[in-house]
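These notes concern the structure reproduced below.
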Amino acid sequence: MSTILIIEQVLNGVQFGVMLFLMAAGLTLIFGVMGLINLAHGSLYMVGAFAAAAVAGATGSFLLALVAALAAAAAAGALIEMVVIRRLYQAAHLDQVLATFALILIFTEGTRWFFGSFPLFLDIPDYLSGPVTLPGGIQYPLYRLALIAIGLAVGAGLWWLIERTRLGIQIRAGENDREMIAALGVDISRLYTLVFALGAALAGLAGALVGAIQSVQVGMGEPVLILAFVVIVIGGIGSIRGAFVGAILVGLTDTLGGIFLPGFFGLFMAPGAASQTGSAIASMAIYILMTLVLIWRPSGLFGARA
């Protein structure tokens, strides 16, 4: 297999990983600060994608579409936090799962009612379309490189927010002792709404960005949600750094496994059996990775040890 193909697939894995990071970062923030299992996070990813597709179709502007995705997902997140989620903080995790699963059904059917069952398509803007030549003569889609750059920039901005701002200090304190920061005068309800809206906005941005290379359709958030949970388990619950590292590992494992495992089994198996076996194991690879990480470090790579 050529070096160029390997580099292209590594870049594909990194691009997939940084998009997963946008999903997982919001999810791990919400769980780390609020202790809430939010199954509806994938629905906010879908909201962002549909908002972007609708605005892009109406205005022809990709930048306005991204702004709409951020705004729609953040607004939806703030609304459901104030109306539904706020009543679940002291509830058992099973109650949280059931309530947020109900939100999935509401968002799914509401989106189908509003937009219909047929997929929408979000076009890549002209200034990001086509390939770009990388060192070594590698031709790679400019838009996928832009996704990597945007994901890294958002990750850096999120790190700055958490580590260098007053809001970040409150978020980190809220993870450790919410009663104490409430006693110090921090408005916990407002902080929780801001954190939930921030996590929702990140999910909506990911949905909009991925919507330009995939179809925008009802239910598109649930498969990504499963991968996001895998990412935060690998990286460590509540850790932004862990979410980033876990997302890159999952992205590379999923992409490279699907490409190279069938060829590996082809070294000692018949082509048909090698393809079937390789594809089956590739689909399990990220869960095998998660199992190995948990055996070695049950709290995740960057999670706090119990």
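Identifiers for the structure tokens are assigned positionally: chains receive A, B, ... in sequence, residues are indexed from 1 per chain, and ligands are indexed from 1 in the order shown.
Within 12 Å of Ile4 of chain A, once only C-alpha atoms are used and residues closer than 5 positions along the same chain are dropped, the contacting residues are Gln9, Val10, Leu11, Thr133, Leu134, Pro135, Gly136, Gly137, Ile138, Gln139 and Tyr140 of chain A.
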File dump, residues just selected, N, CA and C atoms, as a JSON list (two decimals), in the first residue's frame:
[["chain", "number", "residue", "atom", "x", "y", "z"],
["A", 9, "GLN", "N", -5.31, 8.46, 4.52],
["A", 9, "GLN", "CA", -6.20, 7.83, 5.50],
["A", 9, "GLN", "C", -5.93, 8.33, 6.92],
["A", 10, "VAL", "N", -4.68, 8.64, 7.23],
["A", 10, "VAL", "CA", -4.37, 9.23, 8.54],
["A", 10, "VAL", "C", -5.05, 10.59, 8.67],
["A", 11, "LEU", "N", -5.00, 11.38, 7.60],
["A", 11, "LEU", "CA", -5.67, 12.68, 7.62],
["A", 11, "LEU", "C", -7.18, 12.50, 7.75],
["A", 133, "THR", "N", -2.73, 20.65, -2.82],
["A", 133, "THR", "CA", -1.53, 19.83, -2.92],
["A", 133, "THR", "C", -0.69, 19.99, -1.66],
["A", 134, "LEU", "N", -0.47, 18.90, -0.97],
["A", 134, "LEU", "CA", 0.33, 18.88, 0.24],
["A", 134, "LEU", "C", 1.77, 18.51, -0.10],
["A", 135, "PRO", "N", 2.72, 18.72, 0.82],
["A", 135, "PRO", "CA", 4.09, 18.28, 0.56],
["A", 135, "PRO", "C", 4.15, 16.81, 0.17],
["A", 136, "GLY", "N", 4.97, 16.51, -0.82],
["A", 136, "GLY", "CA", 5.05, 15.15, -1.33],
["A", 136, "GLY", "C", 4.11, 14.90, -2.49],
["A", 137, "GLY", "N", 3.42, 15.96, -2.94],
["A", 137, "GLY", "CA", 2.51, 15.82, -4.08],
["A", 137, "GLY", "C", 1.18, 15.17, -3.74],
["A", 138, "ILE", "N", 0.81, 15.14, -2.46],
["A", 138, "ILE", "CA", -0.44, 14.51, -2.05],
["A", 138, "ILE", "C", -1.61, 15.44, -2.33],
["A", 139, "GLN", "N", -2.60, 14.97, -3.04],
["A", 139, "GLN", "CA", -3.82, 15.72, -3.29],
["A", 139, "GLN", "C", -4.85, 15.36, -2.20],
["A", 140, "TYR", "N", -5.31, 16.39, -1.50],
["A", 140, "TYR", "CA", -6.26, 16.14, -0.41],
["A", 140, "TYR", "C", -7.33, 17.21, -0.43]]
Give the strand (DSSP E) residues of segment 134-211 of chain A, as DSSP finds them on the backbone, and put them as a ChimeraX atom specification. /A:134,138-141
Output the selection as a PDB file, in the first residue's frame - N, CA and C atoms for each residue.
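File result_29.pdb, as written:
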ATOM      1  N   LEU A 134      -0.472  18.896  -0.971  1.00  0.00           N
ATOM      2  CA  LEU A 134       0.335  18.882   0.240  1.00  0.00           C
ATOM      3  C   LEU A 134       1.772  18.509  -0.100  1.00  0.00           C
ATOM      4  N   ILE A 138       0.810  15.145  -2.463  1.00  0.00           N
ATOM      5  CA  ILE A 138      -0.438  14.507  -2.048  1.00  0.00           C
ATOM      6  C   ILE A 138      -1.610  15.445  -2.326  1.00  0.00           C
ATOM      7  N   GLN A 139      -2.596  14.968  -3.038  1.00  0.00           N
ATOM      8  CA  GLN A 139      -3.821  15.719  -3.286  1.00  0.00           C
ATOM      9  C   GLN A 139      -4.848  15.361  -2.205  1.00  0.00           C
ATOM     10  N   TYR A 140      -5.311  16.392  -1.498  1.00  0.00           N
ATOM     11  CA  TYR A 140      -6.256  16.138  -0.410  1.00  0.00           C
ATOM     12  C   TYR A 140      -7.328  17.211  -0.433  1.00  0.00           C
ATOM     13  N   PRO A 141      -8.592  16.846  -0.147  1.00  0.00           N
ATOM     14  CA  PRO A 141      -9.673  17.843  -0.198  1.00  0.00           C
ATOM     15  C   PRO A 141      -9.438  19.012   0.760  1.00  0.00           C
TER      16      PRO A 141
END
Between A:Val224, A:Leu301, A:Leu98, A:Ala203, smallest distance to Ser239 of chain A by only C-alpha atoms belongs to A:Leu301
Tell me, as a PyMOL selection string, which residues lie within 10 Å of segment 266-282 of chain A, counting only C-alpha atoms; anything in the same chain fewer than 3 positions away does not count. chain A and resi 253-263+285-288
I'd like a table as CSV: residues in segment 128-197 of chain A with an atom no more than 12 Å from segment 119-123 of chain A, each row giving the shortest atom pair and its distance in Å to one decimal, only C-alpha atoms counted, sorted by chain and rising residue number.
residue,atom,partner,partner_atom,distance
A:Leu128,CA,A:Asp123,CA,10.3
A:Ser129,CA,A:Asp123,CA,9.3
A:Tyr143,CA,A:Asp123,CA,10.9
Just list as a PyMOL selection string whatever in segment 63-186 of chain A DSSP marks as alpha helix (DSSP H). chain A and resi 63-83+93-115+142-164+166-176+178-183
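Minimum distance to Ala76 of chain A across A:Leu44, A:Val154, A:Ala24, A:Ala206 (counting only C-alpha atoms) occurs at A:Leu44.
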What does the distance between atom CA of Tyr127 of chain A and atom CA of Ala75 of chain A come to in Å, to one decimal place?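 Atom-to-atom, atom CA of Tyr127 of chain A and atom CA of Ala75 of chain A are spaced 29.2 Å apart.
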Name all residues at most 12 Å from Met290 of chain A (count only C-alpha atoms; drop same-chain ones fewer than 6 positions away) and give them as a CSV table (one decimal) with C-alpha atoms, in the first residue's frame.
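around.csv written:
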chain,number,residue,atom,x,y,z
A,227,LEU,CA,-19.0,7.2,19.4
A,228,ALA,CA,-18.9,10.4,21.6
A,229,PHE,CA,-19.6,8.3,24.7
A,230,VAL,CA,-16.8,5.9,23.7
A,231,VAL,CA,-14.5,8.9,23.3
A,232,ILE,CA,-15.2,10.3,26.8
A,233,VAL,CA,-14.9,6.9,28.4
A,234,ILE,CA,-11.5,6.5,26.8
A,235,GLY,CA,-10.3,10.0,27.5
A,236,GLY,CA,-11.8,10.3,31.0
A,246,GLY,CA,-9.7,10.0,22.9
A,247,ALA,CA,-11.4,11.5,19.8
A,249,LEU,CA,-7.6,7.7,18.8
A,250,VAL,CA,-11.1,6.7,17.9
A,253,THR,CA,-8.7,3.5,14.9
A,284,MET,CA,-15.4,-3.6,16.7
A,296,TRP,CA,-5.3,-0.5,32.0
A,297,ARG,CA,-6.8,2.7,33.5
A,298,PRO,CA,-10.5,2.3,34.6
A,299,SER,CA,-11.0,6.1,34.9
A,300,GLY,CA,-9.8,6.8,31.4
A,301,LEU,CA,-6.6,8.2,30.1
